[in-house]
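Peer 1: Before I ask anything, here is the structure I am working with.
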Amino acid sequence: MKLPLPDSAPIGDMMAALDSAIAADALSIHYQPVVALASGRMVGVEALMRWARPDGSFVSPDAFVPSAEATGRIVPMTEWLMRRAAVELAPLFAQQAELYIAVNLSAQHFESERIVDALDACFGQAGIAARRVHLEVTERELLHNRDGLALSVMTALRRRGHVLALDDFGTGYSDRAALDRFPFDALKIDKSFVAAIADDGAPDEKLLRALVIANARRLTIVAEGIEHSHQATALAALGVGYGQGHFYSEPINVATLADYLAARA
Ligand code: G
Ligand code: G
Ligand code: MN
């Protein structure tokens with residue numbers, strides 16, 4: 001298999017290349033800081049999978065995560081990510097008692113209880129408490145829920161102390177129904193709502209509606225895709241507690257993350 005493949009390569013080719021990538025240790029993790037909007041303090045990171053081509057560029061997760069999900073590889077890949085992240089972050093987490101990591105989960109993770117023990121095996125063993133491991137899931141992933149299994153997996157995760165966040169809020173068909181059916185603690189406002197904040201800080205009607213929904217359920221709100229200071233200011237004024245985006249930091253590797261934290265300590 002010749003790399004790099006175009007992002008539009010057929011799924012079989014993509015998976016064969018991905019298998020070689022795993023064998024060649026070409027997967028890595030970038031972490032995007034999440035900050036408290038009022039103070040600018042970093043509170044956590046979102047872990048984002050990266051697949052490096054030999055030339056140093058990255059295959060977009062949008063190109064390989066869907067095929068990994070379709071072929072079942074997302075489960076071992078996520079377990080690899082969790083194990084690696086626990087090792088990479090353990091020193092930082094020991095220094096900064098309040099930091100959390102958010103991991104993106106897929107539909108398959110809600111088809112068995114395997115994820116509950118996998119989280120403990122990866123993070124618990126590394127001394128990272130469950131409350132410091134947040135799990136992000138989109139409404140799309142939960143649509144596949146069969147026999148109430150997703151609900152029991154989520155309930156088990158919460159009982160262990162994990163924090164559950166509904167990702168990409170506002171882009172699903174029935175995000176509100178997902179909030180009513182499943183025990184979420186937090187909601188991540190999709191970047192399209194943040195991008196729609198006008199230069200004068202005026203929010204879009206849809207953003208206001210999303211905030212009403214979140215506040216009525218007392219959910220923690222994290223805004224995604226903050227690129228400009230006026231967006232951060234407007235979101236903070238609207239009562240949004242947390243945010244992430246290029247304005248604060250792009251997703252970065254663990255060494256850069258350590259520098260970022262040191263510079264802001
Ligand atoms: O940085 P960005 O291009 O990283 O990510 C693109 C998309 O890929 C996002 O929707 C993100 O949630 C998804 N993604 C990144 N890493 C992972 C992962 O480890 N697991 C899953 N399921 N999705 C991921
Ligand atoms: O779908 P999810 O929210 O998990 O994925 C986050 C995605 O958003 C990743 O692809 C990440 O690289 C991207 N991202 C992070 N910060 C910004 C930003 O400020 N602007 C834009 N457009 N994308 C961002
Ligand atoms: Mn996410």
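The way I read the labels, and the way they are meant: chains A, B, ... in the order of the structure tokens, residue 1 as the first residue of every chain, and ligand 1 as the first ligand shown, with later ones counted on from there.
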As a VMD selection string, which residues of stretch 95-236 of chain A does DSSP assign to helix (DSSP H, G or I)?
Peer 2: chain A and resid 95 107 to 110 114 to 124 130 to 132 139 to 142 149 to 160 175 to 181 191 to 195 205 to 216 229 to 236
Peer 1: Could you build a table of the residues in stretch 64-139 of chain A lying no more than 12 Å from stretch 150-157 of chain A, giving for each the nearest pair of atoms and their separation in Å rounded to one decimal place, using only C-alpha atoms, ordered by chain and ascending residue number, as a Markdown table?
Peer 2:
```
| residue | atom | partner | partner_atom | distance |
| --- | --- | --- | --- | --- |
| A:Leu105 | CA | A:Met154 | CA | 11.4 |
| A:Ser106 | CA | A:Ala150 | CA | 11.1 |
| A:Ala107 | CA | A:Ala150 | CA | 8.7 |
| A:Gln108 | CA | A:Ala150 | CA | 9.6 |
| A:His109 | CA | A:Ala150 | CA | 8.4 |
| A:Phe110 | CA | A:Ala150 | CA | 4.7 |
| A:Glu111 | CA | A:Ala150 | CA | 6.6 |
| A:Ser112 | CA | A:Val153 | CA | 7.2 |
| A:Glu113 | CA | A:Val153 | CA | 5.8 |
| A:Arg114 | CA | A:Val153 | CA | 8.9 |
| A:Ile115 | CA | A:Val153 | CA | 8.2 |
| A:Val116 | CA | A:Leu157 | CA | 6.0 |
| A:Asp117 | CA | A:Leu157 | CA | 9.4 |
| A:Ala118 | CA | A:Leu157 | CA | 11.0 |
| A:Leu119 | CA | A:Leu157 | CA | 9.1 |
| A:Asp120 | CA | A:Leu157 | CA | 10.1 |
| A:Ala130 | CA | A:Leu157 | CA | 8.7 |
| A:Arg131 | CA | A:Leu157 | CA | 10.0 |
| A:Val133 | CA | A:Leu157 | CA | 10.2 |
| A:His134 | CA | A:Leu157 | CA | 9.7 |
| A:Leu135 | CA | A:Leu157 | CA | 9.0 |
| A:Glu136 | CA | A:Met154 | CA | 11.1 |
| A:Val137 | CA | A:Met154 | CA | 10.4 |
| A:Glu139 | CA | A:Ala150 | CA | 11.4 |
```
Peer 1: Identify all residues of stretch 8-153 of chain A in strand (DSSP E or B) (DSSP on the backbone) and supply them as a PyMOL selection string.
Peer 2: chain A and resi 27-36+42-52+58-59+100-104+133-138
Peer 1: Would you mind listing what lies within 8 Å of A:Leu257 as a VMD selection string, with only C-alpha atoms counted and same-chain residues fewer than 4 positions away left out?
Peer 2: chain A and resid 31 33 252 to 253 261
Peer 1: Taking only C-alpha atoms into account, which of A:Val35, A:Met82, A:Ile128, A:Ala223 comes nearest A:Gln95?
Peer 2: A:Ile128
Peer 1: Provide the atom CA of A:Ala94 to atom CA of A:Arg158 distance in Å, to one decimal place.
Peer 2: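 For atom CA of A:Ala94 relative to atom CA of A:Arg158, the distance reads 22.8 Å.
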Peer 1: Produce as a PyMOL selection string the set of residues near ligand 2, where near means within 8 Å with only C-alpha atoms and all ligand atoms considered.
Peer 2: chain A and resi 32+46+48+60-62+104+136+167-168+188+190-191+224-227+244-247+249-251
Peer 1: Generate a file of the selected residues that holds N, CA, C and O atoms, formatted as a compact mmCIF listing (two decimals), in the first residue's frame.
Peer 2:
```txt
# COMPACT_ATOMS: atom_id res chain seq x y z
N GLN A 32 -6.50 19.24 22.27
CA GLN A 32 -6.90 20.66 22.17
C GLN A 32 -7.32 21.16 23.54
O GLN A 32 -8.26 20.62 24.15
N GLU A 46 -9.32 18.01 24.77
CA GLU A 46 -10.00 16.99 23.97
C GLU A 46 -8.93 16.23 23.19
O GLU A 46 -8.09 16.84 22.52
N LEU A 48 -7.67 14.10 20.15
CA LEU A 48 -8.05 13.93 18.74
C LEU A 48 -7.00 13.05 18.05
O LEU A 48 -5.80 13.33 18.12
N SER A 60 -6.78 13.34 7.63
CA SER A 60 -7.82 13.88 8.50
C SER A 60 -8.63 12.76 9.14
O SER A 60 -8.98 11.78 8.49
N PRO A 61 -8.94 12.89 10.43
CA PRO A 61 -9.81 11.89 11.07
C PRO A 61 -11.15 11.78 10.34
O PRO A 61 -11.75 10.70 10.34
N ASP A 62 -11.60 12.86 9.73
CA ASP A 62 -12.86 12.78 8.98
C ASP A 62 -12.73 11.78 7.84
O ASP A 62 -13.73 11.25 7.36
N ASN A 104 -13.50 11.04 22.37
CA ASN A 104 -14.66 10.87 21.48
C ASN A 104 -15.00 9.39 21.34
O ASN A 104 -14.14 8.59 21.00
N GLU A 136 -17.26 12.05 24.97
CA GLU A 136 -18.08 12.82 24.04
C GLU A 136 -18.77 11.88 23.06
O GLU A 136 -18.13 10.98 22.52
N ASP A 167 -21.85 15.84 21.96
CA ASP A 167 -20.94 16.56 21.06
C ASP A 167 -21.69 17.16 19.87
O ASP A 167 -22.76 16.68 19.51
N ASP A 168 -21.11 18.18 19.27
CA ASP A 168 -21.67 18.80 18.05
C ASP A 168 -23.12 19.20 18.23
O ASP A 168 -23.94 19.04 17.31
N LYS A 188 -21.65 20.21 24.10
CA LYS A 188 -20.67 20.98 23.33
C LYS A 188 -21.38 21.64 22.16
O LYS A 188 -21.93 20.98 21.28
N ASP A 190 -21.85 23.23 18.80
CA ASP A 190 -21.14 23.05 17.54
C ASP A 190 -20.50 24.35 17.05
O ASP A 190 -21.03 25.44 17.23
N LYS A 191 -19.37 24.18 16.36
CA LYS A 191 -18.62 25.36 15.91
C LYS A 191 -19.39 26.22 14.93
O LYS A 191 -19.11 27.41 14.81
N GLU A 224 -17.37 25.14 20.93
CA GLU A 224 -16.29 24.65 20.07
C GLU A 224 -15.99 25.63 18.94
O GLU A 224 -16.87 26.34 18.48
N GLY A 225 -14.76 25.60 18.48
CA GLY A 225 -14.41 26.37 17.28
C GLY A 225 -14.33 27.87 17.50
O GLY A 225 -14.62 28.65 16.60
N ILE A 226 -13.90 28.29 18.70
CA ILE A 226 -13.71 29.73 18.96
C ILE A 226 -12.43 30.18 18.24
O ILE A 226 -11.35 29.68 18.53
N GLU A 227 -12.59 31.08 17.29
CA GLU A 227 -11.44 31.52 16.49
C GLU A 227 -11.08 32.98 16.75
O GLU A 227 -9.99 33.42 16.37
N GLN A 244 -13.22 26.04 23.44
CA GLN A 244 -11.98 25.59 22.81
C GLN A 244 -12.00 26.10 21.37
O GLN A 244 -13.05 26.43 20.83
N GLY A 245 -10.84 26.17 20.78
CA GLY A 245 -10.76 26.64 19.39
C GLY A 245 -9.41 27.28 19.12
O GLY A 245 -8.59 27.44 20.03
N HIS A 246 -9.19 27.61 17.87
CA HIS A 246 -7.88 28.11 17.46
C HIS A 246 -7.50 29.40 18.17
O HIS A 246 -6.33 29.73 18.29
N PHE A 247 -8.50 30.18 18.62
CA PHE A 247 -8.19 31.42 19.37
C PHE A 247 -7.34 31.09 20.60
O PHE A 247 -6.46 31.87 20.98
N SER A 249 -5.96 27.62 21.26
CA SER A 249 -4.90 26.73 20.78
C SER A 249 -5.48 25.74 19.78
O SER A 249 -6.60 25.26 19.96
N GLU A 250 -4.70 25.41 18.79
CA GLU A 250 -5.04 24.29 17.93
C GLU A 250 -4.81 23.01 18.71
O GLU A 250 -4.17 23.03 19.76
N PRO A 251 -5.27 21.88 18.20
CA PRO A 251 -4.88 20.61 18.81
C PRO A 251 -3.35 20.46 18.68
O PRO A 251 -2.79 20.73 17.62
```
Peer 1: Set the distance at 12 Å and use only C-alpha atoms: which residues neighbour A:Gly170 once local chain neighbours fewer than 6 positions away are removed? I'd like the list as JSON, numbers by chain.
Peer 2: {"A": [138, 139, 140, 176, 177, 178, 179, 187, 188, 189, 190, 191, 192, 193, 194, 205, 206, 207, 208, 209, 210, 211, 213, 214, 223, 224]}
Peer 1: Counting only C-alpha atoms and all ligand atoms, which of A:Leu18, A:Ile74, A:Val103, A:Ala195 gets nearest to ligand 3?
Peer 2: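 That would be A:Val103, the residue with the smallest distance to ligand 3.
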Peer 1: To one decimal place, how far is atom CA of A:Gln96 from atom CA of A:Val34 in Å?
Peer 2: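 These two atoms are separated by 14.0 Å.
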Peer 1: Could you check the closest approach to ligand 1 for each of A:Gln125, A:Thr171, A:Asn145, A:Ser229 and tell me which residue wins, using only C-alpha atoms and all ligand atoms?
Peer 2: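 Comparing A:Gln125, A:Thr171, A:Asn145, A:Ser229 against ligand 1, the winner is A:Thr171.
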Peer 1: Between A:Gly239, A:Pro66, A:Gly127, A:Pro54, which has the minimum distance to A:Ala24 (counting only C-alpha atoms)?
Peer 2: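 Of A:Gly239, A:Pro66, A:Gly127, A:Pro54, the one nearest A:Ala24 is A:Pro54, counting only C-alpha atoms.
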Peer 1: In Å, with one decimal, what is the gap from atom CA of A:Ala237 to atom CA of A:Val45?
Peer 2: 22.8 Å
Peer 1: Please provide as a compact mmCIF listing (two decimals) with N, CA, C and O atoms, in the first residue's frame all residues within 12 Å of A:Glu88, with the sequence filter that same-chain residues fewer than 5 positions apart are discarded (counting only C-alpha atoms).
Peer 2:
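Saved the output as part-v9.txt:
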```
# COMPACT_ATOMS: atom_id res chain seq x y z
N SER A 28 -0.98 8.99 16.26
CA SER A 28 -0.59 9.77 17.43
C SER A 28 -1.81 10.54 17.91
O SER A 28 -2.90 10.40 17.34
N ILE A 29 -1.62 11.31 18.95
CA ILE A 29 -2.75 12.04 19.53
C ILE A 29 -2.40 13.51 19.65
O ILE A 29 -1.30 13.86 20.10
N HIS A 30 -3.33 14.34 19.24
CA HIS A 30 -3.22 15.76 19.53
C HIS A 30 -4.28 16.12 20.56
O HIS A 30 -5.34 15.49 20.62
N TYR A 31 -3.94 17.10 21.37
CA TYR A 31 -4.82 17.50 22.47
C TYR A 31 -5.20 18.97 22.27
O TYR A 31 -4.32 19.81 22.09
N ALA A 47 -8.97 14.90 23.27
CA ALA A 47 -8.01 14.07 22.54
C ALA A 47 -8.52 13.84 21.12
O ALA A 47 -9.67 13.45 20.93
N LEU A 81 -5.81 4.66 21.77
CA LEU A 81 -5.75 6.10 22.10
C LEU A 81 -5.81 6.30 23.61
O LEU A 81 -5.05 7.09 24.17
N MET A 82 -6.71 5.58 24.26
CA MET A 82 -6.87 5.78 25.71
C MET A 82 -5.62 5.36 26.46
O MET A 82 -5.18 6.03 27.39
N ARG A 83 -5.04 4.22 26.03
CA ARG A 83 -3.83 3.74 26.70
C ARG A 83 -2.68 4.73 26.51
O ARG A 83 -1.97 5.09 27.43
N PHE A 93 -1.15 15.43 34.54
CA PHE A 93 -2.32 15.26 35.40
C PHE A 93 -1.91 15.17 36.88
O PHE A 93 -2.68 15.54 37.76
N ALA A 94 -0.71 14.66 37.13
CA ALA A 94 -0.24 14.59 38.51
C ALA A 94 0.06 15.99 39.04
O ALA A 94 -0.18 16.30 40.21
N ILE A 101 -9.46 14.95 30.57
CA ILE A 101 -9.33 14.59 29.16
C ILE A 101 -10.70 14.17 28.65
O ILE A 101 -11.44 13.47 29.34
N CYS A 122 -7.30 1.49 31.16
CA CYS A 122 -6.37 2.48 30.60
C CYS A 122 -6.09 3.62 31.58
O CYS A 122 -4.94 3.89 31.90
N PHE A 123 -7.14 4.27 32.04
CA PHE A 123 -6.94 5.47 32.88
C PHE A 123 -6.82 5.13 34.36
O PHE A 123 -5.98 5.69 35.06
N ALA A 126 -3.54 3.99 35.33
CA ALA A 126 -2.52 5.04 35.28
C ALA A 126 -2.73 6.06 36.40
O ALA A 126 -2.04 7.08 36.45
N ILE A 128 -5.42 7.87 36.90
CA ILE A 128 -6.27 9.00 36.50
C ILE A 128 -7.72 8.66 36.84
O ILE A 128 -8.28 7.71 36.31
N ASN A 253 0.53 18.40 20.18
CA ASN A 253 1.04 17.16 20.77
C ASN A 253 1.36 17.38 22.26
O ASN A 253 1.32 18.51 22.75
N VAL A 254 1.70 16.32 22.95
CA VAL A 254 1.80 16.41 24.41
C VAL A 254 2.95 17.32 24.85
O VAL A 254 2.83 18.02 25.86
N ALA A 255 4.04 17.36 24.08
CA ALA A 255 5.17 18.21 24.46
C ALA A 255 4.76 19.68 24.37
O ALA A 255 5.05 20.49 25.27
N THR A 256 4.07 20.03 23.29
CA THR A 256 3.60 21.41 23.12
C THR A 256 2.56 21.76 24.18
O THR A 256 2.50 22.88 24.67
N LEU A 257 1.75 20.75 24.53
CA LEU A 257 0.74 20.96 25.57
C LEU A 257 1.41 21.29 26.91
O LEU A 257 0.97 22.20 27.64
N ALA A 258 2.49 20.60 27.21
CA ALA A 258 3.21 20.86 28.46
C ALA A 258 3.75 22.29 28.46
O ALA A 258 3.67 23.01 29.47
```
